[in-house]
file structure-v7.cif (mmCIF, C-alpha atoms)
data_final
#
loop_
_atom_site.label_atom_id
_atom_site.label_comp_id
_atom_site.auth_asym_id
_atom_site.auth_seq_id
_atom_site.Cartn_x
_atom_site.Cartn_y
_atom_site.Cartn_z
CA MET Y 287 4.35 -20.36 11.68
CA GLY Y 288 5.91 -16.91 11.48
CA LEU Y 289 4.96 -16.57 7.81
CA LEU Y 290 1.34 -17.39 8.55
CA LEU Y 291 1.27 -14.91 11.44
CA ALA Y 292 2.89 -12.20 9.29
CA ALA Y 293 0.35 -12.80 6.51
CA VAL Y 294 -2.58 -12.51 8.92
CA VAL Y 295 -1.28 -9.35 10.63
CA VAL Y 296 -0.44 -7.56 7.37
CA ALA Y 297 -3.79 -8.55 5.84
CA ALA Y 298 -5.67 -7.37 8.93
CA ILE Y 299 -4.00 -3.97 8.63
CA THR Y 300 -4.37 -3.68 4.85
CA ILE Y 301 -7.97 -4.86 4.33
CA PRO Y 302 -9.74 -1.91 6.04
CA GLU Y 303 -7.69 0.63 4.06
CA LEU Y 304 -8.31 -1.24 0.79
CA ARG Y 305 -12.05 -1.45 1.51
CA SER Y 306 -12.13 2.29 2.15
CA GLU Y 307 -10.33 3.01 -1.12
CA LEU Y 308 -12.49 0.66 -3.19
CA ALA Y 309 -15.72 1.95 -1.66
CA GLY Y 310 -14.70 5.52 -2.43
CA GLU Y 311 -15.17 6.53 1.18
CA GLY Y 312 -14.30 10.07 2.08
CA ILE Y 313 -15.70 13.53 1.58
CA ASP Y 314 -14.81 15.28 -1.66
CA GLY Y 315 -13.86 18.90 -1.35
CA THR Y 316 -11.65 21.69 -2.59
CA LEU Y 317 -8.49 23.04 -1.00
CA THR Y 318 -7.85 26.72 -1.64
CA ILE Y 319 -4.08 27.08 -1.48
CA SER Y 320 -2.63 29.80 0.72
CA SER Y 321 1.02 28.65 0.54
CA CYS Y 322 3.27 25.84 -0.69
CA GLU Y 323 6.64 24.96 0.84
CA ALA Y 324 9.19 22.74 -0.87
CA HIS Y 325 10.77 19.82 0.96
CA THR Y 326 12.76 16.80 -0.18
CA LYS Y 327 12.08 13.15 0.35
CA THR Y 328 15.12 10.86 0.16
CA HIS Y 329 14.85 7.29 -1.12
CA TYR Y 330 17.70 4.91 -0.34
CA GLY Y 331 18.31 2.08 -2.78
CA THR Y 332 20.87 -0.70 -2.79
CA HIS Y 333 23.28 1.11 -5.11
CA ARG Y 334 22.19 4.72 -5.06
CA ARG Y 335 20.27 7.38 -3.25
CA SER Y 336 17.65 9.54 -4.92
CA THR Y 337 15.96 12.68 -3.73
CA GLU Y 338 12.40 13.59 -4.67
CA LEU Y 339 11.19 17.18 -4.52
CA ARG Y 340 7.78 17.40 -2.82
CA PHE Y 341 5.58 20.30 -1.78
CA ARG Y 342 3.52 20.74 1.36
CA CYS Y 343 0.61 22.99 0.48
CA SER Y 344 -1.70 24.47 3.08
CA GLY Y 345 -4.94 26.38 2.93
CA SER Y 346 -8.64 26.15 3.66
CA TRP Y 347 -10.68 23.10 2.69
CA THR Y 348 -14.38 23.21 1.84
CA ALA Y 349 -16.60 20.15 1.34
CA GLN Y 350 -18.37 19.99 -2.02
CA HIS Y 351 -21.87 19.15 -0.82
CA SER Y 352 -22.21 20.12 2.83
CA GLY Y 353 -20.17 23.31 2.79
CA THR Y 354 -18.19 22.28 5.88
CA SER Y 355 -14.81 23.98 5.94
CA TYR Y 356 -11.52 23.65 7.81
CA GLN Y 357 -8.62 26.08 8.02
CA ASN Y 358 -4.87 25.35 7.95
CA ILE Y 359 -5.13 21.98 6.19
CA GLU Y 360 -1.85 20.56 4.85
CA VAL Y 361 -1.51 18.21 1.87
CA ASP Y 362 1.66 16.77 0.30
CA THR Y 363 1.80 17.17 -3.48
CA SER Y 364 4.31 16.61 -6.25
CA SER Y 365 3.53 20.02 -7.81
CA ARG Y 366 3.79 23.58 -6.58
CA PHE Y 367 0.53 25.54 -6.70
CA GLU Y 368 0.12 29.28 -6.68
CA ALA Y 369 -1.69 30.98 -3.80
CA GLY Y 370 -5.42 31.07 -4.53
CA SER Y 371 -5.38 27.89 -6.65
CA ASN Y 372 -8.11 25.33 -6.00
CA ILE Y 373 -7.26 21.61 -5.99
CA PRO Y 374 -9.49 18.60 -5.29
CA VAL Y 375 -8.79 16.99 -1.90
CA VAL Y 376 -10.58 14.10 -0.16
CA GLN Y 377 -11.13 14.04 3.60
CA VAL Y 378 -10.84 10.53 5.02
CA GLY Y 379 -11.32 10.50 8.76
CA ASP Y 380 -8.90 13.03 10.21
CA THR Y 381 -6.62 13.15 7.15
CA PHE Y 382 -6.75 14.99 3.85
CA GLU Y 383 -5.39 13.36 0.69
CA LEU Y 384 -5.22 13.98 -3.02
CA PRO Y 385 -7.61 11.74 -5.00
CA GLN Y 386 -4.73 10.03 -6.84
CA ASP Y 387 -3.22 9.01 -3.49
CA ARG Y 388 -6.36 6.95 -2.81
CA ASP Y 389 -5.62 4.46 -5.62
CA PRO Y 390 -6.03 0.87 -4.39
CA GLY Y 391 -3.07 -0.60 -6.31
CA GLU Y 392 -0.52 -0.55 -3.52
CA ASN Y 393 -2.80 -2.06 -0.88
CA ALA Y 394 -4.10 -4.68 -3.32
CA ALA Y 395 -0.50 -5.66 -4.11
CA ILE Y 396 0.27 -6.02 -0.39
CA LEU Y 397 -2.80 -8.19 0.08
CA ALA Y 398 -1.79 -10.36 -2.89
CA LEU Y 399 1.65 -10.84 -1.36
CA CYS Y 400 -0.11 -12.03 1.81
CA LEU Y 401 -1.54 -14.85 -0.30
CA SER Y 402 2.02 -15.87 -1.24
CA LEU Y 403 3.10 -15.66 2.41
CA LEU Y 404 0.16 -17.84 3.35
CA ALA Y 405 1.13 -20.45 0.74
CA SER Y 406 4.79 -20.37 1.84
CA GLY Y 407 3.84 -20.71 5.51
CA THR Y 408 1.55 -23.63 4.76
CA PHE Y 409 4.33 -25.33 2.77
CA CYS Y 410 6.76 -24.86 5.67
CA LEU Y 411 4.29 -26.25 8.22
CA LEU Y 412 3.40 -29.25 6.07
CA THR Y 413 6.98 -30.24 5.24
CA GLY Y 414 9.25 -28.84 7.94
CA PHE Y 415 11.09 -26.70 5.40
CA GLY Y 416 12.97 -23.84 7.02
CA ALA Y 417 13.35 -25.58 10.38
CA ARG Y 418 16.77 -25.79 11.97
CA ASN Y 419 18.54 -28.82 10.46
CA GLY Y 420 15.38 -29.41 8.43
CA PRO Y 421 15.14 -30.81 4.92
CA GLY Y 422 16.09 -28.80 1.84
CA LEU Y 423 13.61 -27.50 -0.71
CA THR Y 424 13.66 -30.57 -2.98
CA ALA Y 425 13.34 -33.01 -0.09
CA SER Y 426 10.55 -30.90 1.41
CA TRP Y 427 8.66 -30.77 -1.87
CA GLN Y 428 8.80 -34.57 -2.06
CA ARG Y 429 7.54 -34.86 1.53
CA LEU Y 430 4.29 -33.01 0.84
CA PRO Y 431 1.23 -35.01 1.95
CA ALA Y 432 -0.95 -35.97 -1.03
CA PRO Y 433 1.59 -34.41 -3.41
CA THR Y 434 -0.65 -34.56 -6.48
CA ILE Y 435 -3.11 -32.23 -4.75
CA THR Y 436 -1.12 -30.10 -2.30
CA GLY Y 437 1.85 -29.51 -4.63
CA PRO Y 438 -0.11 -27.73 -7.37
CA LEU Y 439 -2.35 -26.06 -4.77
CA VAL Y 440 0.50 -24.55 -2.72
CA GLY Y 441 2.58 -23.74 -5.80
CA GLY Y 442 -0.41 -22.26 -7.59
CA LEU Y 443 -1.40 -20.07 -4.62
CA PHE Y 444 2.15 -18.80 -4.31
CA THR Y 445 2.40 -18.04 -8.04
CA LEU Y 446 -1.05 -16.45 -8.11
CA GLY Y 447 -0.12 -14.20 -5.18
CA VAL Y 448 3.13 -13.03 -6.78
CA LEU Y 449 1.54 -12.43 -10.20
CA ALA Y 450 -1.45 -10.62 -8.70
CA ALA Y 451 0.90 -8.41 -6.66
CA LEU Y 452 2.83 -7.49 -9.80
CA VAL Y 453 -0.33 -6.69 -11.73
CA CYS Y 454 -1.75 -4.62 -8.87
CA ALA Y 455 1.47 -2.71 -8.32
CA PHE Y 456 2.00 -1.80 -11.97
CA ALA Y 457 -1.46 -1.75 -13.54
CA LEU Y 458 -3.69 -0.25 -10.84
#
call {"tool": "encode", "arguments": {"input": "structure-v7.cif", "output": "structure tokens"}}
result
Amino acid sequence: MGLLLAAVVVAAITIPELRSELAGEGIDGTLTISSCEAHTKTHYGTHRRSTELRFRCSGSWTAQHSGTSYQNIEVDTSSRFEAGSNIPVVQVGDTFELPQDRDPGENAAILALCLSLLASGTFCLLTGFGARNGPGLTASWQRLPAPTITGPLVGGLFTLGVLAALVCAFAL
């Protein structure tokens, strides 16, 4: 039941963001850089730690079409820009992001993994797999109701979710 609940909660959080990215929502504009400050972002792995150099650039943002402008806007970038440089920045709600940060790949991958969670949760509910003192994987697989239909359906949904997540994460 926990897998099904996790899939629903994660999907409910991810779908609005993905819809916004796919619809191209946001106001295109230009950020005129006044300063860039370097900072590091540390990533911890299982065997090593890596540090990524990032830049927080600030300046004034002006919308392309309406001419609306805001002062003291900050954007995280992977490159340092000189003062006076103009870079494209998208306003989405109260935040400002670089256009490449609005790519839908990551959110689509998360949503695809929700499909796998949904298939796994359904399998556990149908067979009792994962319960305390419950049957093992092989015994659970053999206990599926209507195994010629539900077996390929549950297995196919799980496989489709994993493969779609991989494609979304690496190709989009």
call {"tool": "resolve_selection", "arguments": {"input": "structure-v7.cif", "expression": "the PyMOL selection byres ((chain Y and resi 347) around 12)", "output": "PyMOL selection string"}}
result
chain Y and resi 313-320+343-346+348-350+352-361+370-377+381-383
call {"tool": "resolve_selection", "arguments": {"input": "structure-v7.cif", "expression": "the PyMOL selection byres ((chain Y and resi 296-310) around 10)", "output": "PDB file with C-alpha atoms, in the frame of the given file"}}
result
ATOM      1  CA  LEU Y 291       1.270 -14.910  11.440  1.00  0.00           C
ATOM      2  CA  ALA Y 292       2.890 -12.200   9.290  1.00  0.00           C
ATOM      3  CA  ALA Y 293       0.350 -12.800   6.510  1.00  0.00           C
ATOM      4  CA  VAL Y 294      -2.580 -12.510   8.920  1.00  0.00           C
ATOM      5  CA  VAL Y 295      -1.280  -9.350  10.630  1.00  0.00           C
ATOM      6  CA  GLU Y 311     -15.170   6.530   1.180  1.00  0.00           C
ATOM      7  CA  GLY Y 312     -14.300  10.070   2.080  1.00  0.00           C
ATOM      8  CA  ILE Y 313     -15.700  13.530   1.580  1.00  0.00           C
ATOM      9  CA  ASP Y 314     -14.810  15.280  -1.660  1.00  0.00           C
ATOM     10  CA  VAL Y 376     -10.580  14.100  -0.160  1.00  0.00           C
ATOM     11  CA  VAL Y 378     -10.840  10.530   5.020  1.00  0.00           C
ATOM     12  CA  PRO Y 385      -7.610  11.740  -5.000  1.00  0.00           C
ATOM     13  CA  ASP Y 387      -3.220   9.010  -3.490  1.00  0.00           C
ATOM     14  CA  ARG Y 388      -6.360   6.950  -2.810  1.00  0.00           C
ATOM     15  CA  ASP Y 389      -5.620   4.460  -5.620  1.00  0.00           C
ATOM     16  CA  PRO Y 390      -6.030   0.870  -4.390  1.00  0.00           C
ATOM     17  CA  GLY Y 391      -3.070  -0.600  -6.310  1.00  0.00           C
ATOM     18  CA  GLU Y 392      -0.520  -0.550  -3.520  1.00  0.00           C
ATOM     19  CA  ASN Y 393      -2.800  -2.060  -0.880  1.00  0.00           C
ATOM     20  CA  ALA Y 394      -4.100  -4.680  -3.320  1.00  0.00           C
ATOM     21  CA  ALA Y 395      -0.500  -5.660  -4.110  1.00  0.00           C
ATOM     22  CA  ILE Y 396       0.270  -6.020  -0.390  1.00  0.00           C
ATOM     23  CA  LEU Y 397      -2.800  -8.190   0.080  1.00  0.00           C
ATOM     24  CA  ALA Y 398      -1.790 -10.360  -2.890  1.00  0.00           C
ATOM     25  CA  LEU Y 399       1.650 -10.840  -1.360  1.00  0.00           C
ATOM     26  CA  CYS Y 400      -0.110 -12.030   1.810  1.00  0.00           C
ATOM     27  CA  LEU Y 401      -1.540 -14.850  -0.300  1.00  0.00           C
TER      28      LEU Y 401
END
call {"tool": "residues_around", "arguments": {"input": "structure-v7.cif", "residues": "range 405-419 of chain Y", "least_positions_apart": "3", "cutoff": "9 Å", "atoms": "all atoms listed in the file", "output": "list in words"}}
result
Met287, Gly288, Leu289, Leu290, Leu291, Ala293, Cys400, Leu401, Ser402, Gly422, Leu423, Ala425, Ser426, Trp427, Gln428, Arg429, Leu430, Pro431, Thr436, Gly437, Leu439, Val440, Gly441, Gly442, Leu443, Phe444 and Gly447 of chain Y
call {"tool": "closest_residue", "arguments": {"input": "structure-v7.cif", "among": "Y:Gly379, Y:Arg366, Y:Thr434, Y:Thr445", "to": "Leu403 in chain Y", "atoms": "all atoms listed in the file"}}
result
Y:Thr445
call {"tool": "closest_residue", "arguments": {"input": "structure-v7.cif", "among": "Y:Ser321, Y:Ala455, Y:Tyr330, Y:Leu449", "to": "Ala369 in chain Y", "atoms": "all atoms listed in the file"}}
result
Y:Ser321
call {"tool": "build_atoms", "arguments": {"input": "structure-v7.cif", "residues": "range 387-406 of chain Y", "atoms": "N, CA, C and O atoms", "output": "short mmCIF file (atom, residue, chain, number, x, y, z; two decimals), in the coordinates of the input"}}
result
data_model
loop_
_atom_site.label_atom_id
_atom_site.label_comp_id
_atom_site.auth_asym_id
_atom_site.auth_seq_id
_atom_site.Cartn_x
_atom_site.Cartn_y
_atom_site.Cartn_z
N ASP Y 387 -3.86 9.75 -4.57
CA ASP Y 387 -3.22 9.01 -3.49
C ASP Y 387 -4.14 7.95 -2.90
O ASP Y 387 -3.72 7.16 -2.05
N ARG Y 388 -5.39 7.92 -3.31
CA ARG Y 388 -6.36 6.95 -2.81
C ARG Y 388 -6.49 5.75 -3.75
O ARG Y 388 -7.40 4.96 -3.62
N ASP Y 389 -5.57 5.60 -4.71
CA ASP Y 389 -5.62 4.46 -5.62
C ASP Y 389 -5.37 3.16 -4.85
O ASP Y 389 -4.48 3.09 -4.00
N PRO Y 390 -6.13 2.11 -5.16
CA PRO Y 390 -6.03 0.87 -4.39
C PRO Y 390 -4.88 -0.05 -4.78
O PRO Y 390 -4.69 -1.07 -4.18
N GLY Y 391 -4.10 0.31 -5.79
CA GLY Y 391 -3.07 -0.60 -6.31
C GLY Y 391 -2.07 -1.08 -5.29
O GLY Y 391 -1.76 -2.27 -5.21
N GLU Y 392 -1.55 -0.17 -4.49
CA GLU Y 392 -0.52 -0.55 -3.52
C GLU Y 392 -1.06 -1.50 -2.45
O GLU Y 392 -0.45 -2.51 -2.13
N ASN Y 393 -2.22 -1.19 -1.91
CA ASN Y 393 -2.80 -2.06 -0.88
C ASN Y 393 -3.25 -3.40 -1.45
O ASN Y 393 -3.15 -4.43 -0.78
N ALA Y 394 -3.73 -3.41 -2.70
CA ALA Y 394 -4.10 -4.68 -3.32
C ALA Y 394 -2.86 -5.54 -3.55
O ALA Y 394 -2.91 -6.76 -3.38
N ALA Y 395 -1.75 -4.92 -3.92
CA ALA Y 395 -0.50 -5.66 -4.11
C ALA Y 395 -0.02 -6.26 -2.79
O ALA Y 395 0.43 -7.41 -2.75
N ILE Y 396 -0.13 -5.51 -1.71
CA ILE Y 396 0.27 -6.02 -0.39
C ILE Y 396 -0.60 -7.21 0.00
O ILE Y 396 -0.11 -8.22 0.51
N LEU Y 397 -1.89 -7.10 -0.25
CA LEU Y 397 -2.80 -8.19 0.08
C LEU Y 397 -2.51 -9.43 -0.77
O LEU Y 397 -2.57 -10.56 -0.26
N ALA Y 398 -2.15 -9.23 -2.03
CA ALA Y 398 -1.79 -10.36 -2.89
C ALA Y 398 -0.51 -11.03 -2.40
O ALA Y 398 -0.39 -12.27 -2.44
N LEU Y 399 0.43 -10.25 -1.92
CA LEU Y 399 1.65 -10.84 -1.36
C LEU Y 399 1.35 -11.64 -0.09
O LEU Y 399 2.03 -12.62 0.21
N CYS Y 400 0.31 -11.24 0.63
CA CYS Y 400 -0.11 -12.03 1.81
C CYS Y 400 -0.55 -13.43 1.39
O CYS Y 400 -0.34 -14.39 2.14
N LEU Y 401 -1.15 -13.54 0.21
CA LEU Y 401 -1.54 -14.85 -0.30
C LEU Y 401 -0.30 -15.72 -0.52
O LEU Y 401 -0.29 -16.91 -0.18
N SER Y 402 0.77 -15.12 -1.05
CA SER Y 402 2.02 -15.87 -1.24
C SER Y 402 2.64 -16.25 0.10
O SER Y 402 3.17 -17.35 0.24
N LEU Y 403 2.59 -15.33 1.07
CA LEU Y 403 3.10 -15.66 2.41
C LEU Y 403 2.31 -16.80 3.04
O LEU Y 403 2.88 -17.68 3.68
N LEU Y 404 1.01 -16.78 2.83
CA LEU Y 404 0.16 -17.84 3.35
C LEU Y 404 0.52 -19.19 2.73
O LEU Y 404 0.63 -20.21 3.43
N ALA Y 405 0.74 -19.21 1.41
CA ALA Y 405 1.13 -20.45 0.74
C ALA Y 405 2.50 -20.92 1.22
O ALA Y 405 2.70 -22.11 1.47
N SER Y 406 3.45 -20.00 1.38
CA SER Y 406 4.79 -20.37 1.84
C SER Y 406 4.74 -20.90 3.27
O SER Y 406 5.40 -21.90 3.59
#
